[in-house]
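> One file: query.txt (compact mmCIF, C-alpha atoms and all ligand atoms).
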# COMPACT_ATOMS: atom_id res chain seq x y z
CA MET A 76 6.34 -9.61 -31.43
CA LYS A 77 4.03 -8.93 -28.51
CA ASN A 78 4.73 -5.94 -26.31
CA ILE A 79 5.05 -6.17 -22.51
CA GLU A 80 1.50 -4.93 -21.94
CA SER A 81 -0.18 -7.49 -24.20
CA LYS A 82 1.93 -10.27 -22.64
CA HIS A 83 1.01 -9.17 -19.10
CA PHE A 84 -1.87 -11.61 -18.69
CA GLU A 85 -0.15 -14.70 -20.17
CA ILE A 86 1.74 -15.81 -17.07
CA GLN A 87 1.58 -14.14 -13.69
CA ASN A 88 5.04 -12.69 -13.07
CA LYS A 89 6.64 -13.23 -9.69
CA HIS A 90 6.52 -9.54 -8.77
CA THR A 91 2.82 -9.50 -9.73
CA GLU A 92 2.32 -12.43 -7.36
CA LEU A 93 3.92 -10.36 -4.57
CA LYS A 94 1.66 -7.42 -5.40
CA HIS A 95 -1.41 -9.71 -5.33
CA ASN A 96 -0.29 -11.21 -2.05
CA LEU A 97 -0.08 -7.73 -0.51
CA LEU A 98 -3.46 -6.76 -1.99
CA GLN A 99 -5.18 -9.92 -0.73
CA ASN A 100 -3.89 -9.76 2.86
CA THR A 101 -4.35 -6.01 3.20
CA LEU A 102 -7.89 -6.12 1.79
CA ASN A 103 -8.76 -9.08 3.97
CA THR A 104 -7.74 -7.18 7.11
CA ALA A 105 -9.38 -3.96 5.88
CA VAL A 106 -12.74 -5.73 5.42
CA GLY A 107 -12.46 -7.36 8.87
CA ILE A 108 -11.72 -4.04 10.59
CA ALA A 109 -14.41 -2.20 8.63
CA ASN A 110 -16.91 -4.95 9.56
CA HIS A 111 -16.14 -4.35 13.24
CA PHE A 112 -16.95 -0.63 12.93
CA ALA A 113 -20.01 -1.23 10.73
CA GLY A 114 -21.86 -2.82 13.67
CA GLN A 115 -23.75 0.36 14.53
CA ILE A 116 -24.67 1.27 10.96
CA PRO A 117 -27.92 0.03 9.40
CA SER A 118 -27.49 -1.16 5.77
CA ALA A 119 -23.71 -0.79 5.88
CA THR A 120 -21.99 -1.24 2.51
CA TYR A 121 -18.39 -2.11 1.59
CA THR A 122 -17.16 -1.22 -1.91
CA PHE A 123 -13.99 -2.37 -3.65
CA VAL A 124 -13.08 -0.29 -6.71
CA ASP A 125 -10.60 -1.66 -9.26
CA LEU A 126 -9.73 1.20 -11.61
CA PHE A 127 -7.39 -0.81 -13.88
CA ALA A 128 -9.09 -4.16 -13.57
CA GLY A 129 -7.52 -6.31 -16.31
CA LYS A 130 -9.02 -9.71 -17.22
CA GLY A 131 -9.60 -11.15 -13.77
CA MET A 132 -7.67 -14.31 -14.64
CA PHE A 133 -4.24 -14.87 -16.14
CA ASP A 134 -3.90 -17.39 -18.96
CA ASP A 135 -1.97 -19.67 -16.58
CA GLY A 136 -5.04 -19.90 -14.32
CA THR A 137 -3.82 -17.53 -11.58
CA LYS A 138 -6.14 -14.84 -10.29
CA GLY A 139 -6.08 -11.14 -11.12
CA SER A 140 -7.10 -8.30 -8.79
CA PRO A 141 -10.92 -8.26 -9.33
CA VAL A 142 -11.11 -12.03 -8.73
CA ILE A 143 -8.85 -11.73 -5.68
CA ALA A 144 -11.24 -9.08 -4.31
CA LEU A 145 -14.21 -11.36 -5.07
CA ASP A 146 -12.47 -14.18 -3.17
CA VAL A 147 -11.77 -11.95 -0.15
CA LEU A 148 -15.36 -10.71 0.00
CA SER A 149 -16.73 -14.27 -0.49
CA ASN A 150 -14.54 -15.50 2.34
CA TYR A 151 -15.88 -12.71 4.52
CA LEU A 152 -19.41 -13.98 3.82
CA LYS A 153 -18.39 -17.59 4.38
CA SER A 154 -16.35 -17.24 7.52
CA SER A 155 -17.30 -14.13 9.52
CA LEU A 156 -19.28 -14.93 12.64
CA ILE A 157 -20.89 -11.50 12.69
CA LYS A 158 -21.59 -9.98 9.30
CA ASN A 159 -22.38 -6.30 9.66
CA PHE A 160 -22.31 -5.44 5.96
CA LYS A 161 -25.67 -5.66 4.26
CA GLN A 162 -24.14 -5.12 0.86
CA LEU A 163 -20.76 -5.90 -0.69
CA LYS A 164 -19.89 -4.34 -4.01
CA ILE A 165 -17.06 -4.62 -6.53
CA ILE A 166 -16.68 -2.04 -9.29
CA ALA A 167 -14.18 -3.09 -11.95
CA ILE A 168 -13.31 -0.83 -14.88
CA GLU A 169 -11.15 -1.92 -17.80
CA LYS A 170 -10.24 0.16 -20.83
CA ASP A 171 -9.33 -2.63 -23.23
CA GLU A 172 -12.46 -4.11 -24.81
CA ASN A 173 -11.11 -7.68 -25.09
CA ASN A 174 -9.76 -7.70 -21.53
CA GLN A 175 -13.06 -6.41 -20.18
CA SER A 176 -15.14 -8.95 -22.06
CA GLU A 177 -12.87 -11.74 -20.73
CA LEU A 178 -13.28 -10.28 -17.24
CA GLU A 179 -17.06 -10.37 -17.59
CA GLN A 180 -16.92 -13.99 -18.75
CA ASN A 181 -14.56 -14.99 -15.93
CA ILE A 182 -16.82 -13.42 -13.31
CA GLU A 183 -19.91 -15.02 -14.84
CA ASN A 184 -18.25 -18.45 -14.64
CA ILE A 185 -17.35 -17.95 -10.96
CA MET A 186 -20.81 -16.66 -10.06
CA LYS A 187 -22.47 -19.65 -11.77
CA SER A 188 -20.69 -22.13 -9.56
CA ASP A 189 -20.47 -20.17 -6.31
CA ASP A 190 -23.67 -19.25 -4.47
CA VAL A 191 -21.78 -17.11 -1.97
CA ALA A 192 -19.85 -15.04 -4.55
CA ASN A 193 -23.22 -14.60 -6.22
CA GLN A 194 -24.40 -12.48 -3.29
CA ILE A 195 -21.77 -9.85 -4.08
CA LEU A 196 -22.80 -7.10 -6.47
CA PHE A 197 -20.18 -7.09 -9.25
CA LEU A 198 -20.36 -4.11 -11.59
CA THR A 199 -17.99 -3.93 -14.53
CA THR A 200 -17.71 -1.70 -17.55
CA ASN A 201 -15.44 -1.13 -20.50
CA GLY A 202 -13.71 2.25 -20.76
CA ASP A 203 -11.35 4.73 -19.16
CA TRP A 204 -12.21 4.85 -15.43
CA GLN A 205 -11.90 8.65 -15.52
CA HIS A 206 -15.05 8.79 -17.66
CA TYR A 207 -16.88 7.10 -14.78
CA SER A 208 -15.47 9.28 -11.99
CA SER A 209 -18.79 10.73 -10.89
CA THR A 210 -20.48 7.30 -10.80
CA ILE A 211 -17.57 5.87 -8.79
CA LYS A 212 -17.72 8.82 -6.39
CA SER A 213 -21.40 8.33 -5.74
CA HIS A 214 -20.87 4.60 -5.04
CA LEU A 215 -18.06 5.48 -2.64
CA LYS A 216 -20.11 8.17 -0.94
CA THR A 217 -22.92 5.75 -0.19
CA SER A 218 -20.51 3.10 1.15
CA ASN A 219 -19.41 3.36 4.76
CA SER A 220 -16.04 1.96 3.91
CA GLY A 221 -14.15 0.51 1.01
CA PHE A 222 -10.95 0.08 -0.92
CA ILE A 223 -9.62 1.64 -4.13
CA PHE A 224 -6.98 -0.24 -6.14
CA ALA A 225 -5.06 1.64 -8.85
CA ASP A 226 -2.77 -0.66 -10.81
CA PRO A 227 -1.86 1.03 -14.09
CA PHE A 228 0.72 0.01 -16.64
CA SER A 229 3.72 2.26 -16.97
CA THR A 230 2.85 5.96 -16.52
CA GLN A 231 -0.92 5.73 -17.18
CA LEU A 232 -2.07 7.58 -14.06
CA ASN A 233 -3.43 11.00 -13.31
CA MET A 234 -2.91 11.50 -9.56
CA GLN A 235 -5.22 14.52 -9.38
CA ASN A 236 -8.13 12.49 -10.75
CA LEU A 237 -7.30 9.59 -8.47
CA LYS A 238 -7.08 11.84 -5.37
CA SER A 239 -10.45 13.39 -6.22
CA LEU A 240 -12.05 9.93 -5.76
CA PHE A 241 -11.09 9.63 -2.11
CA LYS A 242 -11.05 13.30 -1.15
CA ASN A 243 -14.41 13.24 0.59
CA VAL A 244 -14.58 9.67 1.84
CA LYS A 245 -13.03 8.90 5.18
CA TYR A 246 -12.93 5.15 5.68
CA HIS A 247 -11.66 4.02 2.32
CA ASP A 248 -8.18 2.59 1.92
CA VAL A 249 -6.21 3.14 -1.26
CA LEU A 250 -3.48 1.01 -2.84
CA ILE A 251 -1.48 2.39 -5.79
CA LEU A 252 1.14 0.62 -7.87
CA ILE A 253 3.80 3.08 -9.00
CA ASN A 254 6.08 2.00 -11.82
CA ASN A 255 9.29 3.63 -10.68
CA ASN A 256 11.26 2.24 -13.59
CA ALA A 257 9.00 3.71 -16.29
CA LEU A 258 8.73 7.03 -14.46
CA GLU A 259 12.49 7.36 -14.10
CA ARG A 260 12.85 6.79 -17.83
CA VAL A 261 10.26 9.45 -18.73
CA LEU A 262 11.71 11.91 -16.20
CA GLY A 263 15.09 11.52 -17.93
CA LEU A 264 13.66 12.70 -21.28
CA SER A 265 13.67 16.39 -22.09
CA ASP A 266 10.73 16.83 -24.49
CA ALA A 267 7.55 18.71 -23.56
CA LYS A 268 5.31 15.61 -23.79
CA SER A 269 7.41 13.70 -21.24
CA LEU A 270 7.42 16.69 -18.88
CA ASN A 271 3.66 16.86 -19.19
CA THR A 272 3.32 13.12 -18.44
CA ILE A 273 5.28 13.56 -15.19
CA CYS A 274 3.24 16.65 -14.19
CA GLU A 275 -0.06 14.84 -14.82
CA TYR A 276 1.04 11.65 -13.16
CA PHE A 277 2.10 13.39 -9.95
CA ASP A 278 -0.22 16.40 -10.00
CA VAL A 279 2.67 18.85 -9.75
CA ASP A 280 3.51 21.94 -11.78
CA LYS A 281 6.22 22.18 -14.43
CA ASP A 282 8.50 24.44 -12.37
CA PHE A 283 8.64 21.88 -9.58
CA VAL A 284 9.70 19.13 -12.00
CA LEU A 285 12.19 21.37 -13.82
CA LYS A 286 13.82 22.36 -10.50
CA LEU A 287 14.13 18.69 -9.55
CA LYS A 288 15.70 17.93 -12.92
CA GLU A 289 18.22 20.75 -12.45
CA SER A 290 19.17 19.52 -8.98
CA ASN A 291 21.88 16.93 -8.40
CA LEU A 292 19.37 14.27 -7.44
CA SER A 293 19.35 10.98 -9.28
CA ASN A 294 16.18 10.20 -11.23
CA ALA A 295 15.31 7.57 -8.60
CA ALA A 296 15.57 10.11 -5.76
CA ALA A 297 13.61 12.67 -7.80
CA ILE A 298 10.78 10.15 -8.26
CA ARG A 299 10.69 9.59 -4.49
CA HIS A 300 10.35 13.37 -4.00
CA LEU A 301 7.55 13.48 -6.55
CA ILE A 302 5.67 10.65 -4.83
CA LYS A 303 5.93 12.45 -1.49
CA LYS A 304 4.91 15.78 -3.01
CA SER A 305 1.89 14.34 -4.80
CA LEU A 306 0.58 12.65 -1.63
CA GLU A 307 1.59 15.21 1.00
CA ASN A 308 -1.86 16.72 1.48
CA VAL A 309 -4.06 13.65 1.36
CA ASP A 310 -6.36 13.20 4.30
CA LYS A 311 -5.04 9.80 5.42
CA ASP A 312 -3.13 9.16 8.64
CA TYR A 313 -0.66 6.75 7.09
CA VAL A 314 0.99 6.78 3.68
CA ILE A 315 3.28 3.76 3.36
CA ASN A 316 5.47 3.18 0.33
CA ILE A 317 7.22 -0.12 -0.04
CA ALA A 318 9.59 -1.06 -2.79
CA LEU A 319 8.99 -4.11 -4.98
CA PRO A 320 11.40 -5.76 -7.39
CA ARG A 321 10.65 -6.72 -10.98
CA THR A 322 10.77 -10.07 -12.70
CA ARG A 323 13.37 -10.89 -15.34
CA ASN A 324 13.53 -14.20 -17.15
CA GLY A 325 11.03 -15.61 -14.67
CA LYS A 326 13.09 -14.65 -11.61
CA ILE A 327 12.78 -11.88 -9.07
CA GLU A 328 15.41 -9.26 -9.77
CA ASN A 329 16.55 -7.61 -6.62
CA GLY A 330 16.22 -3.98 -7.65
CA ASP A 331 13.41 -1.78 -6.38
CA ARG A 332 11.49 -1.20 -9.59
CA PHE A 333 8.00 -0.55 -8.32
CA TYR A 334 6.54 1.13 -5.28
CA LEU A 335 3.32 -0.06 -3.79
CA CYS A 336 1.76 2.76 -1.84
CA LEU A 337 -0.92 2.23 0.81
CA LEU A 338 -3.01 5.14 2.10
CA THR A 339 -5.09 4.35 5.15
CA GLY A 340 -6.45 5.72 8.40
CA SER A 341 -6.16 2.37 10.14
CA VAL A 342 -3.28 1.11 12.27
CA GLY A 343 -4.54 -2.45 11.76
CA VAL A 344 -4.58 -2.15 7.95
CA SER A 345 -1.06 -0.64 7.95
CA ASP A 346 0.11 -3.46 10.16
CA ALA A 347 -1.35 -6.19 7.91
CA TYR A 348 0.37 -4.58 4.92
CA LEU A 349 3.78 -4.39 6.62
CA LYS A 350 3.41 -7.89 8.09
CA THR A 351 2.82 -9.31 4.62
CA TYR A 352 5.82 -7.38 3.34
CA ALA A 353 7.96 -8.74 6.18
CA GLU A 354 6.74 -12.28 5.40
CA ILE A 355 7.53 -11.88 1.71
CA LYS A 356 11.02 -10.67 2.56
CA GLY A 357 11.52 -13.70 4.77
CA ASN A 358 10.87 -15.91 1.75
CA LYS A 359 13.92 -18.01 0.88
CA GLU A 360 13.74 -17.61 -2.87
CA ILE A 361 13.82 -13.86 -2.51
CA GLN A 362 16.70 -13.94 -0.04
CA ASN A 363 18.68 -16.00 -2.54
CA ASN A 364 18.29 -13.25 -5.07
CA ASN A 365 20.00 -10.69 -2.90
CA GLY A 366 22.90 -10.25 -5.24
CA GLN A 367 22.28 -6.89 -6.74
CA THR A 368 23.07 -3.38 -5.60
CA SER A 369 20.25 -1.49 -3.95
CA LEU A 370 18.32 1.30 -5.52
CA PHE A 371 19.09 3.36 -2.44
CA GLN A 372 22.79 2.60 -2.32
CA GLY A 373 24.96 5.65 -1.86
CA ASN A 374 22.09 7.66 -0.49
CA VAL A 375 22.82 8.02 3.23
CA GLU A 376 19.23 9.00 3.90
CA TYR A 377 18.09 5.55 2.81
CA GLU A 378 20.85 3.40 4.16
CA TYR A 379 18.49 1.34 6.10
CA PHE A 380 17.55 0.03 8.55
CA ASN A 381 17.93 -0.88 12.16
CA LEU A 382 14.68 -0.26 13.93
CA CYS A 383 16.18 0.43 17.40
CA GLU A 384 18.75 2.86 15.97
CA THR A 385 16.12 4.61 13.86
CA ILE A 386 13.79 5.00 16.85
CA LYS A 387 16.68 6.41 18.89
CA ALA A 388 17.58 8.88 16.16
CA ILE A 389 13.97 10.08 15.87
CA THR A 390 13.31 10.34 19.63
CA LYS A 391 16.64 12.12 20.15
CA ARG A 392 15.57 14.85 17.74
CA ASN A 393 12.38 15.49 19.73
CA GLU A 394 12.01 16.46 23.37
CA ILE A 395 8.89 14.32 23.62
CA ILE A 396 7.16 12.37 20.89
CA SER A 397 4.00 10.27 20.88
CA LEU A 398 4.03 6.73 19.61
CA TYR A 399 1.59 7.84 16.92
CA GLU A 400 4.02 10.54 15.72
CA LEU A 401 6.93 8.11 15.80
CA ILE A 402 5.03 5.59 13.69
CA SER A 403 3.98 8.26 11.18
CA ILE A 404 7.65 9.25 10.72
CA LEU A 405 8.71 5.61 10.29
CA TYR A 406 5.93 4.93 7.78
CA ASP A 407 6.64 8.10 5.89
CA ASP A 408 10.00 6.79 4.79
CA PHE A 409 10.53 4.50 1.85
CA PHE A 410 11.33 0.93 2.64
CA SER A 411 13.91 -0.60 0.45
CA TRP A 412 13.39 -4.15 -0.69
CA LYS A 413 16.93 -5.04 0.11
CA ASN A 414 18.24 -3.04 3.01
CA ALA A 415 15.74 -3.96 5.68
CA ASN A 416 15.62 -7.32 7.40
CA SER A 417 12.09 -8.67 8.02
CA LYS A 418 12.56 -8.15 11.77
CA GLU A 419 13.34 -4.45 11.25
CA ILE A 420 10.17 -3.59 9.36
CA PRO A 421 8.00 -1.51 11.72
CA THR A 422 5.05 -3.86 12.16
CA SER A 423 3.50 -3.38 15.61
CA ILE A 424 5.17 -6.59 16.87
CA ASN A 425 8.64 -5.50 15.71
CA LEU A 426 8.09 -1.98 17.02
CA ARG A 427 7.01 -3.22 20.42
CA THR A 428 10.05 -5.50 20.63
CA SER A 429 12.44 -2.66 19.73
CA LEU A 430 10.78 -0.16 22.06
CA ASN A 431 10.87 -2.63 24.95
CA ILE A 432 14.59 -3.24 24.36
CA LEU A 433 15.20 0.52 24.47
CA LEU A 434 13.08 0.87 27.63
CA GLU A 435 14.98 -1.97 29.28
CA ASN A 436 18.34 -0.41 28.31
CA LYS A 437 17.08 2.92 29.72
CA GLU A 438 17.72 4.62 26.40
CA LEU A 439 14.05 5.54 26.22
CA ASP A 440 11.35 6.32 28.76
CA VAL A 441 7.59 6.81 28.64
CA SER A 442 6.12 9.83 30.36
CA SER A 443 3.07 8.13 31.90
CA ASN A 444 2.10 4.65 33.01
CA ASP A 445 -0.65 4.23 30.42
CA PHE A 446 -0.17 0.96 28.55
CA ILE A 447 2.72 -0.20 30.72
CA ASP A 448 2.55 -3.90 31.52
CA LYS A 449 1.81 -4.03 35.29
CA ARG A 450 2.86 -7.70 35.50
CA CYS A 451 6.50 -6.83 34.82
CA LYS A 452 7.76 -5.42 38.11
CA LEU A 453 11.41 -5.09 37.17
CA LYS A 454 11.16 -3.85 33.60
CA LYS A 455 9.04 -1.24 31.90
CA LYS A 456 7.25 -2.88 28.96
CA LEU A 457 4.61 -1.56 26.63
CA THR A 458 1.44 -3.65 26.28
CA THR A 459 -0.01 -4.71 22.93
CA GLU A 460 -3.01 -2.40 23.60
CA ALA A 461 -0.70 0.58 23.15
CA PHE A 462 -0.62 -0.33 19.43
CA SER A 463 -4.27 -1.18 18.92
CA SER A 464 -5.70 2.22 17.90
CA LYS A 465 -4.68 5.71 16.90
CA SER A 466 -6.05 7.06 20.17
CA ASN A 467 -3.94 4.63 22.23
CA LEU A 468 -0.85 5.37 20.12
CA SER A 469 -1.36 9.09 20.77
CA LYS A 470 -1.46 8.56 24.55
CA VAL A 471 2.02 7.00 24.77
CA ASN A 472 4.68 9.72 24.95
CA LEU A 473 8.32 8.78 24.50
CA VAL A 474 11.39 10.58 25.79
CA TYR A 475 14.95 9.83 24.72
CA THR A 476 17.12 9.20 27.79
CA GLY A 477 20.19 7.58 26.20
CA SER A 478 23.65 9.04 25.98
CA SER A 479 23.96 11.94 23.58
CA PHE A 480 27.29 10.46 22.42
CA HIS A 481 25.54 7.56 20.70
C1 LIG B 1 -1.44 -3.81 -14.84
S1 LIG B 1 -2.90 -4.15 -15.68
C2 LIG B 1 -4.04 -4.47 -14.37
C3 LIG B 1 -3.91 -5.77 -13.75
C4 LIG B 1 -4.94 -6.05 -12.70
N1 LIG B 1 -5.11 -4.96 -11.75
C5 LIG B 1 -4.56 -7.30 -11.92
O1 LIG B 1 -3.96 -7.17 -10.85
O2 LIG B 1 -4.88 -8.39 -12.38
C6 LIG B 1 -3.48 -2.58 -16.20
C7 LIG B 1 -4.83 -2.66 -16.93
O3 LIG B 1 -5.39 -1.36 -16.96
C8 LIG B 1 -6.05 -1.15 -18.21
N2 LIG B 1 -6.15 0.32 -18.37
C9 LIG B 1 -5.19 1.20 -18.81
N3 LIG B 1 -5.64 2.45 -18.71
C10 LIG B 1 -6.89 2.39 -18.18
C11 LIG B 1 -7.87 3.36 -17.81
N4 LIG B 1 -7.63 4.66 -17.99
N5 LIG B 1 -9.04 2.95 -17.29
C12 LIG B 1 -9.28 1.63 -17.09
N6 LIG B 1 -8.40 0.66 -17.44
C13 LIG B 1 -7.22 1.02 -17.96
C14 LIG B 1 -5.15 -1.89 -19.19
O4 LIG B 1 -5.85 -2.24 -20.36
C15 LIG B 1 -4.71 -3.12 -18.38
O5 LIG B 1 -5.56 -4.20 -18.59
Output the structure of this file as structure tokens.


Amino acid sequence: MKNIESKHFEIQNKHTELKHNLLQNTLNTAVGIANHFAGQIPSATYTFVDLFAGKGMFDDGTKGSPVIALDVLSNYLKSSLIKNFKQLKIIAIEKDENNQSELEQNIENIMKSDDVANQILFLTTNGDWQHYSSTIKSHLKTSNSGFIFADPFSTQLNMQNLKSLFKNVKYHDVLILINNNALERVLGLSDAKSLNTICEYFDVDKDFVLKLKESNLSNAAAIRHLIKKSLENVDKDYVINIALPRTRNGKIENGDRFYLCLLTGSVGVSDAYLKTYAEIKGNKEIQNNNGQTSLFQGNVEYEYFNLCETIKAITKRNEIISLYELISILYDDFFSWKNANSKEIPTSINLRTSLNILLENKELDVSSNDFIDKRCKLKKKLTTEAFSSKSNLSKVNLVYTGSSFH
């Protein structure tokens, strides 16, 4: 009988399709935004690094992450009016020899028939990506911007090694797939090897994990603490975890079995990620699967999620809070697959709608007239520009003015 890992590339599972959807849209936006800022830089380079690359194609003909990245970068070359990048690079590392040789073949076939893809430098090698850390770092250092994708099976990740890749590069986004299910299982075991796996995965010491295990937290809540702890000091403005379900018997199962974690310094990239998530959640097939209890059920902290109410609760706790700070708090939470409606996910459009409702109801006020729509004489409304950059977000200060009895 084949194990789950060797069957992975036979048919693309539905949850893998969701993950690929999120990767494709987020990367597409990231390249577009990076292109805009690369205008001033001679010989600007964009690098996509796939640390757990797989085969590139599934046996059913669907595309894997390195081919998705190749598509996104080819489309950039085909459709951008102004192309500021002089070089586009993909680095794809795969530990399994057979997978990597299939990847090489798949890429060769694409390159043969596509003159545009052919302009992208595709570097691939067989081995553990950690053995190539210093090479990857030097590629990243010489790229003005880029994207790192870490998509391991099960618990095969060393967060310290991963963090060292993006420690000294500023404009590189990172997307990590975290297998919550597998981690919960290992956390529940009491042998030394399992403890060590958790410590290495999250880059935390044994005492921290042992204290968590002794506490009354469920394994699921403990994993959320470990994710936060392991990423608390990274130099990225936004760390956004979203929950994904898993596939069982070909259908999406409505538990939150994986987290996909985006680390970025860009409001636009965060927004593209959350927009795709909101779109996925609006999908009918997924709504029909909403039969199962939530991972977060029973945990008041995560009983989510009404955007207006959450904004009120956060602004009420602070005398004055900038829009940037508010967004960072909203992003810092974990978004449950089930409990949030698409309209409540804090994309900039949804946020603006909620904030404008609160301004109209006089439950919230802004302390200056920056980014207030001058055309609306009777109502105070925030303009879309307020959400277009970190510096604009920081200039909008919010004050809670609603009743304290709410
Ligand atoms: C979940 S699959 C990746 C799927 C791929 N990212 C995609 O979206 O199509 C994980 C892959 O990582 C490979 N792998 C596991 N440990 C690795 C390591 N340390 N370095 C590089 N590849 C590794 C496995 O052989 C497997 O093919």

> What is the distance between atom CA of Leu258 of chain A and atom CA of Ile223 of chain A, in Å to one decimal?

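It comes out at 21.7 Å.
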
> Give me the residues within 8 Å of segment 342-353 of chain A as a list in words, counting all atoms listed in the file and dropping any in the same chain fewer than 6 places off.

Asn96, Leu97, Asn100, Thr101, Thr104, Ala105, Ile108, Tyr313, Ile315, Asn416, Ser417, Lys418, Ile420, Pro421, Thr422, Ser423, Phe462, Ser463, Ser464 and Lys465 of chain A

> Could you build a table of the residues in segment 169-238 of chain A lying no more than 8 Å from segment 268-280 of chain A, giving for each the nearest pair of atoms and their separation in Å rounded to one decimal place, using all atoms listed in the file, ordered by chain and ascending residue number, as a tab-separated table?


residue	atom	partner	partner_atom	distance
A:Thr230	CA	A:Tyr276	CA	6.9
A:Gln231	CA	A:Tyr276	CA	7.4
A:Leu232	CA	A:Tyr276	CA	5.2
A:Asn233	CA	A:Tyr276	CA	4.5
A:Met234	CA	A:Tyr276	CA	5.3
A:Gln235	CA	A:Asp278	CA	5.4

> Set the distance at 7 Å and use all atoms listed in the file: which residues neighbour His247 of chain A once local chain neighbours fewer than 5 positions away are removed? I'd like the list as a list in words.

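Once the adjacent positions are removed, what remains is Ser220, Gly221 and Phe222 of chain A.
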
> For segment 124-139 of chain A, please output as number ranges by chain all residues within 7 Å (counting all atoms listed in the file; exclusion window: fewer than 3 positions along the same chain).

A: 84-87, 142-143, 165-169, 174-175, 177-178, 181, 204, 222-227

> What's the separation between atom CA of Ile432 of chain A and atom CA of Leu382 of chain A, in Å to one decimal place?

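Computed distance, atom CA of Ile432 of chain A to atom CA of Leu382 of chain A, equals 10.8 Å.
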
> Enumerate, as a PyMOL selection string, the protein, DNA and RNA residues whose atoms approach (5.5, 13.1, -3.7) to within 12 Å, taking into account only C-alpha atoms and the coordinate frame of the file.

chain A and resi 234+253+273-274+276-279+283-284+287+296-309+314-316+336+407-409

> Take atom CA of Cys383 of chain A and atom CA of Lys456 of chain A and report the distance between them in Å, one decimal.

15.0 Å

> Neighbouring residues of Lys158 of chain A were defined as those with any atom within 10 Å, considering only C-alpha atoms; residues of the same chain fewer than 4 positions away were excluded. Please report them as an mmCIF file with C-alpha atoms, in the frame of the given file.


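New file out-v1.cif:
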data_model
loop_
_atom_site.group_PDB
_atom_site.id
_atom_site.type_symbol
_atom_site.label_atom_id
_atom_site.label_comp_id
_atom_site.auth_asym_id
_atom_site.auth_seq_id
_atom_site.Cartn_x
_atom_site.Cartn_y
_atom_site.Cartn_z
ATOM 1 C CA GLY A 107 -12.460 -7.360 8.870
ATOM 2 C CA ASN A 110 -16.910 -4.950 9.560
ATOM 3 C CA HIS A 111 -16.140 -4.350 13.240
ATOM 4 C CA ALA A 113 -20.010 -1.230 10.730
ATOM 5 C CA GLY A 114 -21.860 -2.820 13.670
ATOM 6 C CA TYR A 151 -15.880 -12.710 4.520
ATOM 7 C CA LEU A 152 -19.410 -13.980 3.820
ATOM 8 C CA LYS A 153 -18.390 -17.590 4.380
ATOM 9 C CA SER A 154 -16.350 -17.240 7.520
#

> Considering all atoms listed in the file, state which residue in the set A:Asp146, A:Glu328, A:Thr122, A:Ser188 is at the smallest distance from Leu163 of chain A.

A:Thr122

> Which residues are close to segment 388-403 of chain A, i.e. within 8 Å by all atoms listed in the file, leaving aside same-chain residues fewer than 6 positions away? Reply as a VMD selection string.

chain A and resid 312 to 313 421 465 468 to 475

> From the options A:Lys94, A:Lys245, A:Lys454, A:Lys437, which residue's atoms come nearest to ligand LIG 1 (chain B), counting all atoms listed in the file?

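Selected residue with least distance to ligand LIG 1 (chain B): A:Lys94.
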